[in-house]
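coords_7.cif, holding mmCIF, C-alpha atoms and all ligand atoms:
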```cif
data_query
#
loop_
_atom_site.label_atom_id
_atom_site.label_comp_id
_atom_site.auth_asym_id
_atom_site.auth_seq_id
_atom_site.Cartn_x
_atom_site.Cartn_y
_atom_site.Cartn_z
CA MET A 7 23.53 7.17 16.92
CA ASN A 8 22.33 4.88 14.17
CA VAL A 9 18.80 4.95 12.83
CA PRO A 10 18.20 2.19 10.25
CA PHE A 11 15.37 2.58 7.74
CA LEU A 12 13.58 -0.53 9.04
CA ASN A 13 14.02 -2.83 12.03
CA PHE A 14 11.46 -5.64 11.82
CA HIS A 15 14.26 -8.07 12.70
CA GLN A 16 13.90 -6.94 16.32
CA THR A 17 10.16 -7.64 16.43
CA HIS A 18 10.63 -11.03 14.81
CA GLN A 19 13.21 -11.96 17.44
CA GLU A 20 10.85 -10.85 20.21
CA LEU A 21 7.94 -12.79 18.69
CA LYS A 22 10.08 -15.81 17.84
CA PRO A 23 8.48 -18.24 20.34
CA GLN A 24 4.96 -17.37 19.08
CA LEU A 25 6.02 -17.42 15.43
CA MET A 26 7.81 -20.75 15.76
CA ALA A 27 4.79 -22.28 17.53
CA ALA A 28 2.48 -21.06 14.76
CA LEU A 29 4.79 -22.39 12.05
CA GLU A 30 5.12 -25.73 13.87
CA GLU A 31 1.36 -26.02 14.19
CA THR A 32 1.03 -25.48 10.45
CA LEU A 33 3.76 -28.01 9.71
CA ASP A 34 2.02 -30.59 11.88
CA SER A 35 -1.42 -29.85 10.39
CA GLY A 36 -0.33 -30.95 6.93
CA GLN A 37 -2.38 -28.08 5.39
CA TYR A 38 0.12 -25.99 3.47
CA ILE A 39 -2.00 -24.15 0.91
CA LEU A 40 -5.13 -22.32 2.14
CA GLY A 41 -6.58 -24.41 5.02
CA ASP A 42 -7.28 -23.57 8.66
CA GLN A 43 -4.50 -21.05 9.19
CA VAL A 44 -5.62 -18.98 6.21
CA ASP A 45 -9.31 -19.26 7.20
CA LYS A 46 -8.49 -18.05 10.69
CA PHE A 47 -6.38 -15.15 9.46
CA GLU A 48 -9.07 -14.11 6.97
CA LYS A 49 -11.60 -13.92 9.83
CA GLN A 50 -9.16 -12.12 12.13
CA PHE A 51 -8.35 -9.45 9.53
CA ALA A 52 -12.06 -9.09 8.67
CA GLU A 53 -12.77 -8.42 12.33
CA LEU A 54 -9.87 -5.96 12.61
CA MET A 55 -11.16 -3.82 9.76
CA GLY A 56 -14.86 -4.47 10.23
CA ALA A 57 -15.45 -6.43 7.01
CA GLU A 58 -17.94 -9.27 6.50
CA GLU A 59 -15.17 -11.35 4.97
CA THR A 60 -11.70 -11.13 3.46
CA ILE A 61 -9.90 -13.31 0.91
CA GLY A 62 -6.27 -14.31 1.51
CA ILE A 63 -4.10 -13.98 -1.59
CA ASN A 64 -0.46 -14.87 -2.31
CA SER A 65 0.68 -11.23 -2.80
CA GLY A 66 -0.57 -7.67 -3.00
CA THR A 67 0.19 -7.61 -6.71
CA SER A 68 -2.03 -10.67 -7.27
CA ALA A 69 -4.73 -9.15 -5.05
CA LEU A 70 -4.77 -6.01 -7.23
CA HIS A 71 -4.97 -8.14 -10.36
CA LEU A 72 -7.99 -9.98 -8.96
CA CYS A 73 -9.66 -6.65 -8.18
CA VAL A 74 -9.16 -5.57 -11.79
CA ARG A 75 -10.60 -8.90 -13.01
CA ALA A 76 -13.55 -8.60 -10.62
CA CYS A 77 -14.30 -5.12 -11.98
CA GLY A 78 -14.71 -6.48 -15.50
CA VAL A 79 -11.76 -4.70 -17.12
CA TYR A 80 -11.04 -5.99 -20.62
CA PRO A 81 -8.30 -5.46 -23.23
CA GLY A 82 -8.39 -1.91 -24.60
CA ASP A 83 -10.32 -0.48 -21.64
CA GLU A 84 -8.76 2.50 -19.92
CA VAL A 85 -7.99 2.47 -16.20
CA ILE A 86 -6.82 5.64 -14.48
CA THR A 87 -4.18 5.62 -11.75
CA THR A 88 -1.36 7.68 -10.26
CA PRO A 89 2.15 7.80 -11.72
CA PHE A 90 3.51 8.30 -8.19
CA THR A 91 3.20 4.83 -6.66
CA PHE A 92 4.73 1.37 -6.67
CA MET A 93 4.62 -0.28 -10.11
CA ALA A 94 2.11 -2.94 -9.03
CA SER A 95 -0.66 -0.30 -8.88
CA SER A 96 -0.35 -0.26 -12.65
CA TRP A 97 0.79 -3.85 -13.40
CA CYS A 98 -2.72 -5.01 -12.55
CA ILE A 99 -4.01 -2.88 -15.47
CA SER A 100 -1.33 -4.04 -17.90
CA TYR A 101 -1.92 -7.72 -17.03
CA GLU A 102 -5.36 -7.44 -18.64
CA LYS A 103 -4.02 -5.60 -21.70
CA ALA A 104 -6.01 -2.61 -20.55
CA ILE A 105 -4.47 0.86 -20.92
CA PRO A 106 -3.04 2.62 -17.87
CA VAL A 107 -4.01 6.30 -18.02
CA PHE A 108 -2.19 8.51 -15.56
CA ALA A 109 -3.39 11.63 -13.75
CA ASP A 110 -1.33 13.89 -11.52
CA ILE A 111 -1.27 13.99 -7.72
CA ASP A 112 -2.10 16.55 -5.06
CA PRO A 113 1.20 18.24 -4.07
CA ASP A 114 0.36 18.13 -0.33
CA THR A 115 -0.82 14.55 0.11
CA TYR A 116 0.99 12.92 -2.88
CA ILE A 117 -2.34 11.23 -3.67
CA LEU A 118 -4.24 11.14 -6.96
CA ASP A 119 -6.09 14.43 -7.49
CA PRO A 120 -9.82 13.78 -8.19
CA GLU A 121 -10.05 16.85 -10.48
CA LYS A 122 -7.14 15.64 -12.61
CA VAL A 123 -8.74 12.21 -12.72
CA GLU A 124 -12.07 13.63 -13.89
CA ALA A 125 -10.26 15.44 -16.71
CA ALA A 126 -8.73 12.11 -17.82
CA ILE A 127 -12.03 10.19 -17.96
CA THR A 128 -13.18 9.13 -21.44
CA LYS A 129 -15.86 6.79 -22.82
CA LYS A 130 -13.32 3.97 -22.54
CA THR A 131 -12.62 4.48 -18.82
CA LYS A 132 -13.64 1.38 -16.89
CA ALA A 133 -12.03 1.84 -13.48
CA ILE A 134 -9.83 3.99 -11.26
CA VAL A 135 -7.08 2.48 -9.10
CA VAL A 136 -6.93 4.80 -6.09
CA VAL A 137 -3.75 4.35 -4.04
CA HIS A 138 -3.83 5.24 -0.34
CA LEU A 139 -0.17 6.15 -0.56
CA PHE A 140 2.09 6.18 2.50
CA GLY A 141 -0.86 5.22 4.74
CA GLN A 142 -2.94 8.30 3.93
CA SER A 143 -6.46 7.65 2.69
CA ALA A 144 -7.41 9.29 -0.60
CA PRO A 145 -10.39 11.70 -0.54
CA MET A 146 -12.87 8.91 -1.19
CA ASP A 147 -16.04 11.04 -1.34
CA ALA A 148 -14.73 12.67 -4.50
CA PHE A 149 -13.71 9.35 -6.06
CA MET A 150 -17.01 7.65 -5.21
CA GLU A 151 -18.79 10.60 -6.80
CA LEU A 152 -16.72 10.13 -9.98
CA GLY A 153 -17.57 6.43 -9.88
CA ARG A 154 -21.31 7.17 -9.80
CA LYS A 155 -21.21 10.04 -12.29
CA TYR A 156 -19.25 8.19 -14.98
CA ASN A 157 -20.17 4.60 -14.07
CA VAL A 158 -16.58 3.53 -13.42
CA LYS A 159 -15.38 1.07 -10.78
CA ILE A 160 -13.26 2.23 -7.86
CA ILE A 161 -10.42 -0.10 -6.89
CA GLU A 162 -8.52 0.73 -3.69
CA ASP A 163 -4.81 -0.09 -3.48
CA CYS A 164 -4.50 -0.55 0.30
CA ALA A 165 -0.99 -2.06 0.25
CA GLN A 166 0.18 0.79 2.49
CA SER A 167 -3.05 1.61 4.35
CA HIS A 168 -3.85 -1.20 6.80
CA LEU A 169 -6.49 0.13 9.25
CA ALA A 170 -6.51 3.60 7.67
CA GLU A 171 -9.94 5.19 7.59
CA TYR A 172 -11.78 7.87 5.65
CA LYS A 173 -14.61 9.50 7.59
CA GLY A 174 -14.73 6.46 9.87
CA GLN A 175 -14.82 3.90 7.05
CA PRO A 176 -11.88 1.53 6.57
CA THR A 177 -9.95 1.81 3.32
CA GLY A 178 -10.75 -1.17 1.13
CA LEU A 179 -14.46 -1.21 1.99
CA ILE A 180 -15.33 2.17 0.49
CA GLY A 181 -14.83 1.50 -3.22
CA ASP A 182 -15.88 -1.58 -5.22
CA CYS A 183 -12.99 -3.66 -3.92
CA GLY A 184 -9.61 -3.30 -2.24
CA ALA A 185 -6.23 -5.04 -2.22
CA PHE A 186 -3.81 -5.33 0.69
CA SER A 187 -0.17 -6.49 0.76
CA PHE A 188 1.65 -8.27 3.58
CA TYR A 189 5.10 -7.91 2.05
CA PRO A 190 7.52 -7.88 5.04
CA THR A 191 8.05 -4.09 5.00
CA LYS A 192 4.34 -3.19 5.09
CA ASN A 193 2.48 -2.04 8.24
CA LEU A 194 1.41 -5.67 8.65
CA GLY A 195 4.18 -7.78 7.13
CA SER A 196 4.56 -11.53 6.85
CA LEU A 197 7.77 -13.59 6.65
CA THR A 198 6.46 -14.69 3.27
CA GLU A 199 4.74 -13.02 0.34
CA GLY A 200 1.12 -12.25 1.11
CA GLY A 201 -1.92 -10.23 0.11
CA LEU A 202 -5.66 -9.99 0.64
CA CYS A 203 -8.79 -8.77 -1.12
CA VAL A 204 -11.84 -7.18 0.41
CA SER A 205 -15.16 -5.95 -0.89
CA LYS A 206 -18.40 -4.92 0.73
CA ASP A 207 -20.17 -6.71 -2.15
CA LYS A 208 -20.71 -10.43 -1.53
CA ALA A 209 -20.80 -11.35 -5.24
CA THR A 210 -17.43 -9.62 -5.77
CA CYS A 211 -15.95 -11.57 -2.85
CA ASP A 212 -17.31 -14.84 -4.27
CA GLN A 213 -15.81 -14.09 -7.68
CA ILE A 214 -12.40 -13.20 -6.22
CA ARG A 215 -12.44 -16.34 -4.05
CA LEU A 216 -13.12 -18.44 -7.15
CA LEU A 217 -10.49 -16.72 -9.33
CA ARG A 218 -7.70 -17.06 -6.73
CA ASN A 219 -8.04 -20.88 -6.88
CA HIS A 220 -8.04 -21.59 -10.64
CA ALA A 221 -11.72 -20.57 -11.01
CA MET A 222 -12.55 -24.12 -9.98
CA PRO A 223 -16.03 -24.26 -8.41
CA ASP A 224 -15.84 -28.06 -8.33
CA ARG A 225 -12.78 -30.25 -8.45
CA TYR A 226 -11.32 -30.15 -11.98
CA THR A 227 -14.17 -28.05 -13.36
CA TYR A 228 -13.14 -24.56 -14.49
CA SER A 229 -15.70 -21.83 -15.00
CA ASP A 230 -13.36 -18.99 -16.01
CA VAL A 231 -9.67 -18.21 -16.60
CA GLY A 232 -8.38 -18.61 -13.06
CA TYR A 233 -5.10 -18.23 -11.20
CA ASN A 234 -2.99 -19.87 -8.56
CA TYR A 235 -3.10 -16.86 -6.23
CA ARG A 236 -3.78 -18.82 -3.02
CA MET A 237 -2.41 -17.75 0.33
CA GLU A 238 -0.13 -20.34 1.97
CA GLY A 239 -0.64 -21.82 5.43
CA PHE A 240 2.67 -20.43 6.71
CA ALA A 241 1.60 -16.92 5.68
CA GLY A 242 -1.72 -17.32 7.50
CA ALA A 243 0.10 -18.60 10.59
CA VAL A 244 2.64 -15.76 10.74
CA LEU A 245 0.05 -13.10 10.00
CA GLN A 246 -2.26 -14.34 12.79
CA VAL A 247 0.54 -13.78 15.29
CA LYS A 248 1.52 -10.36 13.97
CA ALA A 249 -2.01 -9.04 13.34
CA GLN A 250 -2.64 -9.11 17.12
CA TYR A 251 -0.23 -6.18 17.40
CA LEU A 252 -1.32 -4.15 14.37
CA LYS A 253 -3.40 -1.64 16.34
CA VAL A 254 -0.61 -1.07 18.88
CA TRP A 255 1.99 -0.71 16.14
CA THR A 256 -0.25 1.70 14.24
CA ALA A 257 -0.70 3.81 17.37
CA ARG A 258 3.08 3.91 17.79
CA ARG A 259 3.56 5.03 14.16
CA ARG A 260 1.10 7.87 14.81
CA GLU A 261 2.91 8.82 18.00
CA ILE A 262 6.21 9.03 16.12
CA ALA A 263 4.59 11.06 13.35
CA ALA A 264 3.20 13.53 15.90
CA ARG A 265 6.69 13.87 17.41
CA TYR A 266 8.16 14.48 13.96
CA LEU A 267 5.46 17.01 13.05
CA ALA A 268 6.00 18.96 16.27
CA GLY A 269 9.79 18.74 16.08
CA PHE A 270 10.81 19.65 12.53
CA LYS A 271 11.73 23.31 12.20
CA LEU A 272 13.89 23.24 9.08
CA GLU A 273 12.96 26.01 6.68
CA GLY A 274 11.85 24.80 3.26
CA LEU A 275 10.89 21.35 4.56
CA ARG A 276 7.39 20.30 3.42
CA LEU A 277 5.64 18.11 5.98
CA PRO A 278 2.68 15.75 5.42
CA PRO A 279 -0.64 17.45 6.26
CA VAL A 280 -2.84 16.23 9.11
CA ILE A 281 -6.33 15.65 7.72
CA GLU A 282 -9.30 15.51 10.09
CA ASP A 283 -11.34 13.07 7.97
CA ALA A 284 -8.44 10.77 7.11
CA GLN A 285 -5.84 10.19 9.81
CA SER A 286 -2.82 8.52 8.23
CA VAL A 287 -1.42 5.19 9.44
CA TYR A 288 2.00 6.49 8.35
CA HIS A 289 3.33 3.64 6.27
CA GLN A 290 5.91 6.27 5.38
CA PHE A 291 6.73 9.65 6.84
CA SER A 292 7.55 11.64 3.74
CA VAL A 293 8.95 15.14 3.51
CA CYS A 294 10.01 17.21 0.52
CA HIS A 295 12.99 19.51 0.19
CA SER A 296 14.35 21.29 -2.88
CA GLU A 297 17.91 20.31 -1.88
CA ARG A 298 17.10 16.62 -1.56
CA GLU A 299 20.60 15.32 -2.39
CA ALA A 300 22.36 17.49 0.18
CA LEU A 301 19.78 16.77 2.89
CA VAL A 302 20.05 13.01 2.31
CA GLN A 303 23.84 13.22 2.44
CA HIS A 304 23.66 15.17 5.71
CA LEU A 305 21.34 12.52 7.21
CA THR A 306 23.40 9.60 5.92
CA GLU A 307 26.61 11.02 7.36
CA ALA A 308 24.87 11.33 10.73
CA GLY A 309 23.71 7.68 10.60
CA VAL A 310 20.08 8.33 9.68
CA ALA A 311 18.90 6.09 6.84
CA THR A 312 16.38 7.46 4.33
CA GLY A 313 14.35 6.17 1.41
CA GLN A 314 13.29 7.61 -1.93
CA PHE A 315 9.78 6.43 -2.70
CA TYR A 316 9.61 6.79 -5.60
CA PRO A 317 12.60 7.85 -7.69
CA ARG A 318 10.91 7.58 -11.10
CA PRO A 319 7.22 8.08 -11.95
CA LEU A 320 5.42 5.30 -13.77
CA HIS A 321 4.70 7.31 -16.94
CA LEU A 322 8.46 7.64 -17.50
CA GLN A 323 9.25 3.93 -17.01
CA PRO A 324 10.82 2.14 -20.02
CA VAL A 325 8.02 -0.46 -20.01
CA TYR A 326 5.47 2.27 -20.75
CA GLU A 327 7.38 4.04 -23.54
CA GLY A 328 4.69 2.87 -25.96
CA LEU A 329 1.99 4.83 -24.11
CA GLY A 330 3.52 8.06 -25.44
CA TYR A 331 4.01 10.00 -22.22
CA LYS A 332 6.91 12.39 -21.83
CA GLU A 333 8.68 14.35 -19.14
CA GLY A 334 6.54 17.31 -18.07
CA ASP A 335 3.20 15.50 -18.45
CA PHE A 336 2.68 15.19 -14.68
CA PRO A 337 4.80 17.94 -13.15
CA VAL A 338 3.69 17.44 -9.54
CA SER A 339 4.53 13.73 -9.59
CA GLU A 340 7.84 14.38 -11.30
CA GLN A 341 8.91 17.12 -8.91
CA THR A 342 7.88 14.99 -5.93
CA CYS A 343 10.13 12.17 -7.21
CA TRP A 344 13.12 14.53 -7.20
CA GLU A 345 12.32 16.11 -3.83
CA ILE A 346 10.96 13.36 -1.63
CA VAL A 347 12.77 12.02 1.41
CA ASN A 348 11.23 9.14 3.34
CA LEU A 349 12.31 9.15 6.99
CA PRO A 350 12.43 6.12 9.29
CA ILE A 351 9.02 5.38 10.84
CA TYR A 352 8.24 2.02 12.47
CA SER A 353 7.05 0.81 15.85
CA GLU A 354 10.51 -0.32 16.98
CA LEU A 355 11.96 3.24 16.86
CA THR A 356 12.79 4.65 20.29
CA ASP A 357 11.95 8.24 21.29
CA GLU A 358 15.70 8.89 21.44
CA GLN A 359 16.07 7.80 17.83
CA VAL A 360 13.10 9.93 16.79
CA ASP A 361 14.55 12.96 18.55
CA TYR A 362 17.90 12.30 16.93
CA VAL A 363 16.26 12.29 13.47
CA ILE A 364 14.56 15.60 14.35
CA GLU A 365 17.82 17.21 15.55
CA THR A 366 19.70 15.96 12.51
CA VAL A 367 17.11 17.30 10.07
CA ASN A 368 16.89 20.64 11.90
CA SER A 369 20.68 21.05 11.84
CA PHE A 370 20.79 20.85 8.03
CA GLN A 371 22.32 23.91 6.43
CA GLY A 372 21.54 23.86 2.73
C1 LIG A 401 3.78 -3.22 -1.89
C2 LIG A 401 2.81 -2.60 -2.80
C3 LIG A 401 2.10 -3.36 -3.75
C4 LIG A 401 2.41 -4.79 -4.06
O1 LIG A 401 2.35 -5.69 -3.02
P1 LIG A 401 3.20 -7.04 -3.08
O2 LIG A 401 2.67 -7.81 -1.91
O3 LIG A 401 4.64 -6.69 -2.93
O4 LIG A 401 2.93 -7.72 -4.35
C5 LIG A 401 1.14 -2.72 -4.51
N1 LIG A 401 0.89 -1.41 -4.38
C6 LIG A 401 1.56 -0.63 -3.50
C7 LIG A 401 1.22 0.82 -3.39
C8 LIG A 401 2.55 -1.20 -2.69
O5 LIG A 401 3.23 -0.42 -1.84
#
```

Here is the file; what I need is its structure written in the form of structure tokens.
Ligand SMILES: *Cc1c(COP(=O)(O)O)cnc(C)c1O
Amino acid sequence: MNVPFLNFHQTHQELKPQLMAALEETLDSGQYILGDQVDKFEKQFAELMGAEETIGINSGTSALHLCVRACGVYPGDEVITTPFTFMASSWCISYEKAIPVFADIDPDTYILDPEKVEAAITKKTKAIVVVHLFGQSAPMDAFMELGRKYNVKIIEDCAQSHLAEYKGQPTGLIGDCGAFSFYPTKNLGSLTEGGLCVSKDKATCDQIRLLRNHAMPDRYTYSDVGYNYRMEGFAGAVLQVKAQYLKVWTARRREIAARYLAGFKLEGLRLPPVIEDAQSVYHQFSVCHSEREALVQHLTEAGVATGQFYPRPLHLQPVYEGLGYKEGDFPVSEQTCWEIVNLPIYSELTDEQVDYVIETVNSFQG
């Protein structure tokens, strides 16, 4: 049997008539940048997550950057984030010539540890970028408490956490603002680049809306340093079609995760925890094993594709050499990089494929 790491091709073939109709409608409308399709998608996604409004952006990376701008981060300010994430969680800090300060993760959830973050807070700390990694919400009570105690802004990186909740509240609406990505591989993926910002604060939404379109309140009048971070009509059109299925696809991811959790018996395999207050939307199903290389080889030979998210922590990236970090600074993040195996998890997987992954993992002899 063959189990690819992703299979959105299948869904796109199945949805082809709806997708083509939506693209054709956009083509005929003549509105290619922002416009009706984006307005409609913004409302649809707001309804899905229970937000007053959302702001369509051209990528998740841009959406994060706008969150950082909206939080008033300036050159020389410190912003704390995790070294175990996709680079964009930290690019948004570097774009403003602010200083990324890293803190280590919780070994069970792979998410930023609030105690380690508190230890890294200084007088210069302006914000914390909390990443809901792999679809698992961070412990937001602890982060909101840090926000209040030290007067720092809480930015949520929701690129992997569409519809994830913490104590019944949707990720993105808990902190000061949140950024989503619709990169094709995400839980809700476009056929284009795409992103979105949310905030429960109206003034923050207004500011982000202004900044995404050149900070141009009136035609050819600029009130700030703005950006061309607008969502395109084709993105809005595709996302409207696919967003109708997000809840069903999320339920299927959870079903697969439950099957994995019940099925894996391999000794020494660390499984993701199930947390009562924060049920994951399983953007990834990540396990750890001390013999990563051999396990991956075993799976590959059996036709099971795997991922390694992420192979190198951010504090050890060449671009950040100047920050002065060294190997050993964040041992949990580093060890996780060497030990993590991301297994296939997506709505298109069949139960037979899931069971085959389980059997293959369980038959590993290290
Ligand atoms: C994908 C991703 C981003 C960036 O989103 P893009 O739409 O690709 O720009 C940011 N943060 C995390 C954690 C991501 O997984």

message: Neighbours of ligand LIG 401 (chain A) at 10 Å or closer, counting only C-alpha atoms and all ligand atoms: which residues, as a VMD selection string?
response: chain A and resid 63 to 71 90 to 98 136 to 141 162 to 167 185 to 192 195 to 196 198 to 202 289 315

message: Considering only C-alpha atoms, can you say which of A:Val74, A:Met150, A:Asp283, A:Asn8 comes closest to Tyr172 of chain A?
response: A:Asp283

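Between atom CA of Tyr235 of chain A and atom CA of Cys73 of chain A the separation is 12.3 Å.
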
query: Using only C-alpha atoms, which of the listed residues (A:Ala52, A:Ala264, A:Ala241, A:Val9) sits closest to Glu354 of chain A?
result: A:Val9

field: Nearby residues (only C-alpha atoms) at most 8 Å from Leu72 of chain A, same-chain spacing under 5 positions excluded, as number ranges by chain
entry: A: 203, 214, 217-218

Nearest-residue call for Thr128 of chain A, choices A:Glu48, A:Glu84, A:Glu31, A:Glu358, using only C-alpha atoms: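 Checking each of A:Glu48, A:Glu84, A:Glu31, A:Glu358 against Thr128 of chain A, counting only C-alpha atoms, the winner is A:Glu84.
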
message: Report, in Å with one decimal, the straight-line distance from atom CA of Gln24 of chain A to atom CA of Glu238 of chain A.
response: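 Spanning atom CA of Gln24 of chain A to atom CA of Glu238 of chain A is a straight-line distance of 18.1 Å.
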
query: Which one is closest to Leu118 of chain A: A:Ser339, A:Glu333, A:Glu171, A:Asp83? Count all atoms listed in the file.
result: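 Closest to Leu118 of chain A, using all atoms listed in the file: A:Ser339.
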
From A:Leu12, A:Phe336, A:Ala57, A:Gln175, residue lying nearest Val123 of chain A [only C-alpha atoms]: A:Phe336

- request: Identify which of the residues A:Leu349, A:Val231, A:Leu252, A:Val135 lies closest to Leu305 of chain A, counting all atoms listed in the file when measuring atom-to-atom distances.
  value: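 Ranking A:Leu349, A:Val231, A:Leu252, A:Val135 by distance to Leu305 of chain A, first place goes to A:Leu349.
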
message: So that I can check the surroundings of Val360 of chain A, please list as a VMD selection string every protein, DNA and RNA residue that reaches within 9 Å of it, counting only C-alpha atoms and ignoring chain neighbours fewer than 2 positions away.
response: chain A and resid 9 262 265 to 266 350 to 351 355 to 358 362 to 365

Can you spit out the residues from that selection as an mmCIF file, keeping the file's coordinate frame, using C-alpha atoms?
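Printed below is part-v8.cif as written:
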```cif
data_model
loop_
_atom_site.group_PDB
_atom_site.id
_atom_site.type_symbol
_atom_site.label_atom_id
_atom_site.label_comp_id
_atom_site.auth_asym_id
_atom_site.auth_seq_id
_atom_site.Cartn_x
_atom_site.Cartn_y
_atom_site.Cartn_z
ATOM 1 C CA VAL A 9 18.800 4.950 12.830
ATOM 2 C CA ILE A 262 6.210 9.030 16.120
ATOM 3 C CA ARG A 265 6.690 13.870 17.410
ATOM 4 C CA TYR A 266 8.160 14.480 13.960
ATOM 5 C CA PRO A 350 12.430 6.120 9.290
ATOM 6 C CA ILE A 351 9.020 5.380 10.840
ATOM 7 C CA LEU A 355 11.960 3.240 16.860
ATOM 8 C CA THR A 356 12.790 4.650 20.290
ATOM 9 C CA ASP A 357 11.950 8.240 21.290
ATOM 10 C CA GLU A 358 15.700 8.890 21.440
ATOM 11 C CA TYR A 362 17.900 12.300 16.930
ATOM 12 C CA VAL A 363 16.260 12.290 13.470
ATOM 13 C CA ILE A 364 14.560 15.600 14.350
ATOM 14 C CA GLU A 365 17.820 17.210 15.550
#
```

field: Coordinates-based distance that separates atom CA of Ala268 of chain A from atom CA of Pro113 of chain A (Å, one decimal)
entry: 20.9 Å

Mind running segment 86-183 of chain A against segment 254-261 of chain A at 10 Å and telling me each contacting residue's nearest atom pair with the distance in Å (one decimal), counting only C-alpha atoms, chain and number ascending, as JSON lines?
```
{"residue": "A:His168", "atom": "CA", "partner": "A:Thr256", "partner_atom": "CA", "distance": 8.8}
{"residue": "A:Leu169", "atom": "CA", "partner": "A:Thr256", "partner_atom": "CA", "distance": 8.1}
{"residue": "A:Ala170", "atom": "CA", "partner": "A:Thr256", "partner_atom": "CA", "distance": 9.3}
```
